[in-house]
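Pasting protein_5.cif here (mmCIF, C-alpha atoms and all ligand atoms):
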data_work
#
loop_
_atom_site.label_atom_id
_atom_site.label_comp_id
_atom_site.auth_asym_id
_atom_site.auth_seq_id
_atom_site.Cartn_x
_atom_site.Cartn_y
_atom_site.Cartn_z
CA MET A 1 -56.82 -186.35 -165.66
CA ALA A 2 -58.16 -187.38 -169.04
CA GLY A 3 -57.53 -190.02 -171.62
CA ARG A 4 -58.59 -193.26 -173.14
CA VAL A 5 -57.83 -196.89 -172.39
CA ARG A 6 -57.73 -199.55 -175.11
CA HIS A 7 -58.29 -203.04 -173.67
CA LEU A 8 -56.49 -205.83 -175.53
CA GLU A 9 -57.56 -209.48 -175.41
CA PRO A 10 -56.20 -211.25 -172.31
CA VAL A 11 -53.53 -213.90 -172.69
CA GLN A 12 -53.51 -217.27 -170.85
CA GLU A 13 -55.75 -215.86 -168.19
CA ILE A 14 -56.14 -218.01 -165.10
CA GLU A 15 -58.75 -217.75 -162.39
CA ARG A 16 -59.33 -214.19 -161.22
CA LEU A 17 -58.96 -213.70 -157.49
CA ASP A 18 -61.56 -211.77 -155.53
CA PRO A 19 -60.80 -208.05 -155.37
CA LEU A 20 -59.18 -206.91 -152.15
CA ALA A 21 -61.36 -204.99 -149.70
CA PRO A 22 -61.22 -201.28 -150.60
CA ASP A 23 -60.44 -200.41 -146.97
CA HIS A 24 -57.25 -202.56 -146.86
CA PRO A 25 -54.63 -200.19 -145.33
CA ILE A 26 -52.18 -200.54 -148.25
CA ARG A 27 -55.03 -199.99 -150.73
CA LEU A 28 -55.96 -196.79 -148.88
CA VAL A 29 -52.38 -195.47 -149.14
CA THR A 30 -52.30 -196.47 -152.83
CA LYS A 31 -55.42 -194.41 -153.49
CA GLU A 32 -54.25 -191.49 -151.36
CA MET A 33 -50.96 -191.25 -153.30
CA ALA A 34 -52.69 -191.65 -156.68
CA ASP A 35 -54.95 -188.77 -155.65
CA GLY A 36 -51.84 -186.61 -155.18
CA GLY A 37 -51.49 -187.01 -151.40
CA GLU A 38 -48.20 -186.23 -149.69
CA PHE A 39 -45.91 -189.20 -148.98
CA SER A 40 -45.13 -188.01 -145.45
CA PRO A 41 -42.27 -189.09 -143.17
CA GLU A 42 -44.87 -191.24 -141.38
CA HIS A 43 -45.85 -192.96 -144.63
CA SER A 44 -42.19 -193.53 -145.37
CA ALA A 45 -41.48 -195.00 -141.93
CA ILE A 46 -44.50 -197.34 -142.14
CA MET A 47 -43.59 -198.56 -145.65
CA GLN A 48 -39.98 -199.17 -144.68
CA SER A 49 -41.00 -201.03 -141.56
CA ILE A 50 -43.51 -203.24 -143.45
CA PHE A 51 -41.15 -204.12 -146.30
CA ASP A 52 -38.01 -204.45 -144.19
CA SER A 53 -39.88 -207.05 -142.15
CA LEU A 54 -41.19 -208.90 -145.24
CA ALA A 55 -37.88 -208.82 -147.13
CA GLU A 56 -36.39 -212.12 -146.02
CA SER A 57 -39.47 -214.13 -147.01
CA TRP A 58 -40.41 -212.05 -150.09
CA HIS A 59 -38.95 -214.66 -152.47
CA THR A 60 -41.72 -217.10 -151.43
CA ARG A 61 -44.20 -214.87 -153.34
CA ASN A 62 -42.41 -215.56 -156.59
CA VAL A 63 -44.68 -218.46 -157.53
CA PRO A 64 -44.94 -219.72 -161.15
CA GLY A 65 -47.06 -217.36 -163.24
CA ARG A 66 -46.58 -214.37 -160.94
CA LEU A 67 -44.75 -212.46 -163.62
CA ALA A 68 -46.99 -213.41 -166.57
CA ALA A 69 -48.37 -209.88 -166.86
CA LEU A 70 -44.90 -208.33 -166.92
CA GLU A 71 -43.76 -210.88 -169.53
CA ASP A 72 -46.85 -210.02 -171.57
CA VAL A 73 -45.89 -206.33 -171.59
CA PHE A 74 -42.57 -207.17 -173.23
CA ALA A 75 -44.26 -209.58 -175.65
CA ARG A 76 -47.09 -207.31 -176.82
CA ALA A 77 -46.62 -203.67 -175.82
CA GLU A 78 -44.63 -201.12 -177.75
CA LEU A 79 -42.15 -199.35 -175.50
CA PRO A 80 -39.88 -196.46 -176.42
CA ALA A 81 -36.12 -197.08 -176.56
CA GLY A 82 -33.79 -195.39 -174.09
CA VAL A 83 -33.46 -195.18 -170.32
CA LEU A 84 -35.57 -197.63 -168.30
CA VAL A 85 -35.99 -197.19 -164.54
CA GLU A 86 -37.88 -199.52 -162.22
CA LEU A 87 -39.61 -198.03 -159.18
CA GLY A 88 -40.36 -200.15 -156.09
CA ALA A 89 -38.08 -202.88 -157.39
CA GLY A 90 -37.98 -204.61 -154.00
CA THR A 91 -35.86 -207.75 -154.06
CA GLY A 92 -35.64 -207.66 -157.85
CA ILE A 93 -38.17 -210.36 -158.73
CA GLY A 94 -39.50 -208.29 -161.63
CA THR A 95 -36.08 -206.84 -162.39
CA GLY A 96 -34.91 -210.34 -163.36
CA VAL A 97 -37.54 -210.36 -166.13
CA ILE A 98 -36.85 -206.81 -167.30
CA VAL A 99 -33.08 -207.30 -167.73
CA ARG A 100 -33.75 -210.24 -170.05
CA HIS A 101 -35.32 -207.72 -172.44
CA ARG A 102 -33.30 -204.51 -171.94
CA PRO A 103 -30.92 -202.84 -169.49
CA VAL A 104 -32.20 -201.26 -166.29
CA ALA A 105 -30.56 -197.87 -165.62
CA ALA A 106 -31.72 -197.83 -161.98
CA ALA A 107 -33.81 -200.16 -159.82
CA VAL A 108 -35.20 -197.96 -157.05
CA ASP A 109 -36.59 -198.93 -153.68
CA LEU A 110 -37.12 -197.28 -150.32
CA SER A 111 -36.59 -200.38 -148.18
CA ALA A 112 -32.99 -201.19 -147.32
CA GLY A 113 -34.17 -204.65 -146.26
CA MET A 114 -35.71 -205.43 -149.65
CA LEU A 115 -32.64 -204.16 -151.51
CA ALA A 116 -30.38 -206.25 -149.28
CA GLU A 117 -32.13 -209.37 -150.65
CA ALA A 118 -31.70 -208.30 -154.31
CA PRO A 119 -29.13 -210.22 -156.38
CA PRO A 120 -25.95 -208.12 -156.54
CA GLY A 121 -25.00 -207.11 -160.06
CA LEU A 122 -28.44 -207.71 -161.61
CA ALA A 123 -29.15 -203.97 -161.83
CA PRO A 124 -27.93 -200.69 -160.31
CA TRP A 125 -29.89 -200.91 -157.04
CA THR A 126 -30.75 -197.41 -155.85
CA ARG A 127 -32.15 -196.61 -152.43
CA ALA A 128 -34.45 -193.64 -152.95
CA ASP A 129 -37.96 -192.39 -152.32
CA ALA A 130 -39.99 -192.55 -155.52
CA SER A 131 -42.05 -189.55 -154.37
CA CYS A 132 -38.93 -187.36 -154.80
CA LEU A 133 -36.66 -189.12 -157.26
CA PRO A 134 -32.97 -188.19 -157.66
CA PHE A 135 -33.39 -187.90 -161.46
CA ALA A 136 -33.56 -184.88 -163.75
CA ASP A 137 -36.78 -183.72 -165.41
CA SER A 138 -37.70 -185.69 -168.57
CA SER A 139 -34.68 -187.99 -168.17
CA VAL A 140 -36.42 -191.40 -168.18
CA ASP A 141 -37.99 -193.07 -171.23
CA VAL A 142 -39.66 -196.04 -169.53
CA LEU A 143 -40.76 -196.27 -165.91
CA VAL A 144 -41.75 -199.74 -164.69
CA LEU A 145 -43.94 -199.99 -161.58
CA LEU A 146 -44.68 -203.55 -160.51
CA ASN A 147 -46.96 -203.59 -157.46
CA MET A 148 -45.71 -200.14 -156.57
CA LEU A 149 -47.32 -196.88 -155.42
CA LEU A 150 -48.02 -194.29 -158.13
CA PHE A 151 -46.77 -190.78 -157.42
CA PRO A 152 -48.38 -189.00 -160.38
CA GLY A 153 -46.57 -185.66 -160.21
CA GLU A 154 -43.12 -187.21 -159.84
CA VAL A 155 -43.70 -189.76 -162.59
CA ASP A 156 -44.85 -186.94 -164.89
CA ARG A 157 -41.76 -184.87 -164.00
CA VAL A 158 -39.07 -187.47 -164.71
CA LEU A 159 -40.72 -189.09 -167.74
CA ALA A 160 -39.57 -187.91 -171.19
CA SER A 161 -42.25 -186.33 -173.36
CA ASP A 162 -42.63 -189.49 -175.44
CA GLY A 163 -41.96 -191.84 -172.52
CA ALA A 164 -44.09 -194.72 -171.25
CA ILE A 165 -45.20 -195.93 -167.83
CA VAL A 166 -45.52 -199.69 -167.38
CA TRP A 167 -47.99 -200.43 -164.58
CA VAL A 168 -48.31 -204.09 -163.50
CA ASN A 169 -50.35 -205.72 -160.73
CA THR A 170 -49.29 -209.34 -160.46
CA LEU A 171 -52.50 -210.45 -158.69
CA GLY A 172 -54.80 -208.15 -160.67
CA GLU A 173 -57.56 -206.65 -158.53
CA ALA A 174 -56.39 -208.72 -155.54
CA THR A 175 -53.02 -206.93 -155.47
CA PRO A 176 -52.82 -204.68 -152.39
CA ILE A 177 -51.16 -201.90 -154.42
CA HIS A 178 -53.70 -201.99 -157.26
CA LEU A 179 -55.02 -199.36 -159.63
CA SER A 180 -56.99 -200.04 -162.79
CA ALA A 181 -55.69 -198.66 -166.10
CA GLU A 182 -58.47 -196.07 -165.93
CA ASP A 183 -57.35 -195.07 -162.40
CA VAL A 184 -53.74 -194.61 -163.60
CA VAL A 185 -54.77 -192.47 -166.60
CA HIS A 186 -57.08 -190.43 -164.38
CA ALA A 187 -54.41 -189.90 -161.70
CA LEU A 188 -51.77 -188.48 -164.04
CA PRO A 189 -51.68 -184.74 -164.77
CA GLY A 190 -52.68 -183.85 -168.33
CA ALA A 191 -54.00 -186.14 -171.08
CA TRP A 192 -52.79 -189.75 -171.40
CA ARG A 193 -53.66 -192.90 -173.35
CA ALA A 194 -53.19 -196.50 -172.31
CA ASP A 195 -53.16 -200.01 -173.67
CA ALA A 196 -54.23 -202.53 -171.05
CA SER A 197 -54.66 -206.28 -170.71
CA ARG A 198 -54.41 -209.32 -168.45
CA ALA A 199 -52.09 -212.31 -168.41
CA GLY A 200 -51.91 -215.10 -165.90
CA GLY A 201 -53.59 -213.69 -162.79
CA GLY A 202 -52.20 -210.22 -163.37
CA THR A 203 -53.21 -206.96 -165.01
CA TRP A 204 -51.04 -204.46 -166.90
CA CYS A 205 -51.20 -201.21 -168.73
CA VAL A 206 -48.73 -199.12 -170.69
CA VAL A 207 -49.52 -195.42 -170.43
CA ARG A 208 -48.24 -192.58 -172.63
CA ARG A 209 -49.07 -188.92 -173.05
CA ALA A 210 -52.01 -188.47 -175.42
CA ALA A 211 -50.53 -185.47 -177.20
CA GLN A 212 -46.82 -185.94 -177.10
CA ARG A 213 -44.88 -182.75 -176.63
CA ASP A 214 -41.11 -182.52 -176.54
CA SER A 215 -40.13 -180.65 -173.39
CA ARG A 216 -36.41 -181.34 -173.85
CA SER A 217 -34.17 -178.76 -175.48
CA PRO A 218 -33.60 -179.36 -179.24
CA SER A 219 -30.02 -180.50 -178.57
CA GLN A 220 -31.19 -183.03 -175.94
CA ALA A 221 -33.99 -184.21 -178.17
CA GLU A 222 -31.61 -184.91 -181.05
CA ALA A 223 -28.96 -186.58 -178.90
CA THR A 224 -28.40 -190.34 -178.91
CA PRO A 225 -30.66 -191.88 -176.23
CA PRO A 226 -28.76 -191.85 -172.93
CA THR A 227 -27.90 -195.13 -171.29
CA SER A 228 -28.14 -193.90 -167.73
CA VAL A 229 -30.16 -191.41 -165.71
CA SER A 230 -28.67 -188.17 -164.52
CA ALA A 231 -29.06 -186.92 -160.97
CA ARG A 232 -30.75 -183.59 -160.56
C1 LIG B 301 -45.43 -204.72 -152.99
S1 LIG B 301 -43.71 -204.43 -153.00
C2 LIG B 301 -43.28 -204.83 -154.69
C3 LIG B 301 -41.84 -205.25 -154.87
C4 LIG B 301 -41.54 -205.79 -156.27
N1 LIG B 301 -41.86 -204.82 -157.29
C5 LIG B 301 -42.31 -207.06 -156.50
O1 LIG B 301 -43.38 -207.03 -157.14
O2 LIG B 301 -41.84 -208.11 -156.02
C6 LIG B 301 -43.65 -202.65 -153.01
C7 LIG B 301 -42.25 -202.10 -152.98
O3 LIG B 301 -42.33 -200.68 -153.07
C8 LIG B 301 -41.39 -200.11 -152.19
N2 LIG B 301 -41.80 -198.74 -151.88
C9 LIG B 301 -42.87 -198.33 -151.15
N3 LIG B 301 -42.90 -197.00 -151.11
C10 LIG B 301 -41.84 -196.55 -151.83
C11 LIG B 301 -41.33 -195.26 -152.15
N4 LIG B 301 -41.91 -194.16 -151.71
N5 LIG B 301 -40.21 -195.19 -152.90
C12 LIG B 301 -39.60 -196.31 -153.36
N6 LIG B 301 -40.03 -197.56 -153.08
C13 LIG B 301 -41.14 -197.67 -152.32
C14 LIG B 301 -41.40 -201.04 -150.98
O4 LIG B 301 -40.23 -200.91 -150.20
C15 LIG B 301 -41.53 -202.40 -151.66
O5 LIG B 301 -40.28 -202.98 -151.92
#
Rewrite the structure from the file as structure tokens, please.
Amino acid sequence: MAGRVRHLEPVQEIERLDPLAPDHPIRLVTKEMADGGEFSPEHSAIMQSIFDSLAESWHTRNVPGRLAALEDVFARAELPAGVLVELGAGTGIGTGVIVRHRPVAAAVDLSAGMLAEAPPGLAPWTRADASCLPFADSSVDVLVLLNMLLFPGEVDRVLASDGAIVWVNTLGEATPIHLSAEDVVHALPGAWRADASRAGGGTWCVVRRAAQRDSRSPSQAEATPPTSVSAR
């Protein structure tokens, strides 16, 4: 709802692609969900059908430089320790970068086809709908969304009070599932702050609550950071 975005100098930026038309069907769903719209059974069926059909050829999108923005997050952003979950992990292209930096407690995706193409053993692949995650309240310290829909209420629910959201669009404004850092901060309930930048052709932001409150019980808050997420 409210917050501020600090823009850091871009790194190794290459040519910016033209922004995608705002009426692109995937862009419309992205905006609808960021505005708090319901991810209906129809939305779910359409998404599964699109990504199941793209799954086999998805690896061809992994061109050099595609993951520069995600790499830049790990190089320059400060992330809290603890449980990291990736949402919309797909075939695990981004997951391969994340696990080089820290363990992934769950790599979630809705599309069985995309998950079938993911390298076995790279991460705990989890077929689930990110609009109703099978995780307890405040149980995740870092949520990574790489070209993935934002479900603001659900992200707010599962994220620990001092947690961080990593939002990456690998083609910047030309990414079909794109939101600016300002859009992400505005979409989330309550007050948030973000650091944002660009690297390669991509954009990223790391978003945290502006006034961090600790909603966990004192015993949970003092406990050693968990290494896995708990089901609700
Ligand atoms: C554009 S792809 C990105 C995949 C991967 N992050 C990448 O960049 O290569 C979006 C992914 O989000 C998944 N997805 C869409 N809606 C979802 C939902 N409600 N819950 C979980 N995953 C979802 C799709 O199945 C797809 O794999």
Neighbourhood of ligand LIG 301 (chain B) at 9 Å, counting only C-alpha atoms and all ligand atoms, reported as a PyMOL selection string: chain A and resi 39+43-44+47-52+54-55+58-59+61-62+66-67+86-95+108-115+127-133+144-151+168-170+175-177
As JSON: centre and edge lengths in Å, one decimal, of the axis-aligned box holding stretch 73-89 of chain A with 5 Å per side:
{"center_x": -40.3, "center_y": -202.4, "center_z": -166.9, "size_x": 23.6, "size_y": 24.4, "size_z": 31.7}
Shell around A:Val5 at 6 Å using only C-alpha atoms, local window under 3 positions removed, as number ranges by chain: A: 193-195
Filtering to C-alpha atoms, could you give me those residues as an mmCIF file, in the frame of the given file?
data_model
loop_
_atom_site.group_PDB
_atom_site.id
_atom_site.type_symbol
_atom_site.label_atom_id
_atom_site.label_comp_id
_atom_site.auth_asym_id
_atom_site.auth_seq_id
_atom_site.Cartn_x
_atom_site.Cartn_y
_atom_site.Cartn_z
ATOM 1 C CA ARG A 193 -53.660 -192.900 -173.350
ATOM 2 C CA ALA A 194 -53.190 -196.500 -172.310
ATOM 3 C CA ASP A 195 -53.160 -200.010 -173.670
#
Ref. answer, residues at most 7 Å from (-31.5, -200.5, -160.1) with all atoms listed in the file, as a ChimeraX atom specification: /A:86,104-108,123-126
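Interatomic distance, atom CA of A:Cys205 to atom CA of A:Pro119: 26.8 Å.
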d(atom CA of A:Val11, atom CA of A:Arg100) in Å: 20.3 Å
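With all atoms listed in the file as the atoms that count, the residue of A:Val206, A:Val73, A:Ala68, A:Leu84 with the shortest distance to A:Ala164 is A:Val206.
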Å distance separating atom CA of A:Val185 from atom CA of A:Gly172, one decimal place: 16.8 Å
Test item: which residues lie within 8 Å of (-60.4, -202.4, -153.0) counting all atoms listed in the file, as a count of residues only: 11
Top pick for closest residue to A:Trp167, considering A:Leu179, A:Ala75, A:Ala116, A:Met33 and counting only C-alpha atoms: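 Looking only at the distances to A:Trp167, the closest residue turns out to be A:Leu179.
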Near-A:Trp192 list (10 Å; only C-alpha atoms; drop same-chain fewer than 3 positions) as a ChimeraX atom specification: /A:1-5,184-189,207-212
Writer output for current selection, C-alpha atoms, as an mmCIF file, in the coordinates of the input:
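See again17.cif below for the written result:
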data_model
loop_
_atom_site.group_PDB
_atom_site.id
_atom_site.type_symbol
_atom_site.label_atom_id
_atom_site.label_comp_id
_atom_site.auth_asym_id
_atom_site.auth_seq_id
_atom_site.Cartn_x
_atom_site.Cartn_y
_atom_site.Cartn_z
ATOM 1 C CA MET A 1 -56.820 -186.350 -165.660
ATOM 2 C CA ALA A 2 -58.160 -187.380 -169.040
ATOM 3 C CA GLY A 3 -57.530 -190.020 -171.620
ATOM 4 C CA ARG A 4 -58.590 -193.260 -173.140
ATOM 5 C CA VAL A 5 -57.830 -196.890 -172.390
ATOM 6 C CA VAL A 184 -53.740 -194.610 -163.600
ATOM 7 C CA VAL A 185 -54.770 -192.470 -166.600
ATOM 8 C CA HIS A 186 -57.080 -190.430 -164.380
ATOM 9 C CA ALA A 187 -54.410 -189.900 -161.700
ATOM 10 C CA LEU A 188 -51.770 -188.480 -164.040
ATOM 11 C CA PRO A 189 -51.680 -184.740 -164.770
ATOM 12 C CA VAL A 207 -49.520 -195.420 -170.430
ATOM 13 C CA ARG A 208 -48.240 -192.580 -172.630
ATOM 14 C CA ARG A 209 -49.070 -188.920 -173.050
ATOM 15 C CA ALA A 210 -52.010 -188.470 -175.420
ATOM 16 C CA ALA A 211 -50.530 -185.470 -177.200
ATOM 17 C CA GLN A 212 -46.820 -185.940 -177.100
#
Which residue of A:Pro64, A:Pro103, A:Gly82, A:Gly96 approaches A:Pro120 most closely, using only C-alpha atoms: A:Gly96
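Nearest residue to A:Arg6, choosing from A:Ala77, A:Leu143, A:Ala136, A:Val83 and counting all atoms listed in the file: A:Ala77.
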Long-range neighbours of A:Phe74 as a PyMOL selection string, 9 Å cut-off, only C-alpha atoms, 5 positions minimum in chain: chain A and resi 79+98+101
Residue among A:Gly37, A:Pro25, A:Pro10, A:Ser138 lying closest to A:Pro152, counting only C-alpha atoms: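 Residue with the minimum atom-to-atom distance to A:Pro152: A:Gly37.
Remark: for A:Asp183, the closest of the candidate residues A:Leu171, A:Val97, A:Ile14, A:Ala196 is A:Ala196 (distances computed over all atoms listed in the file).
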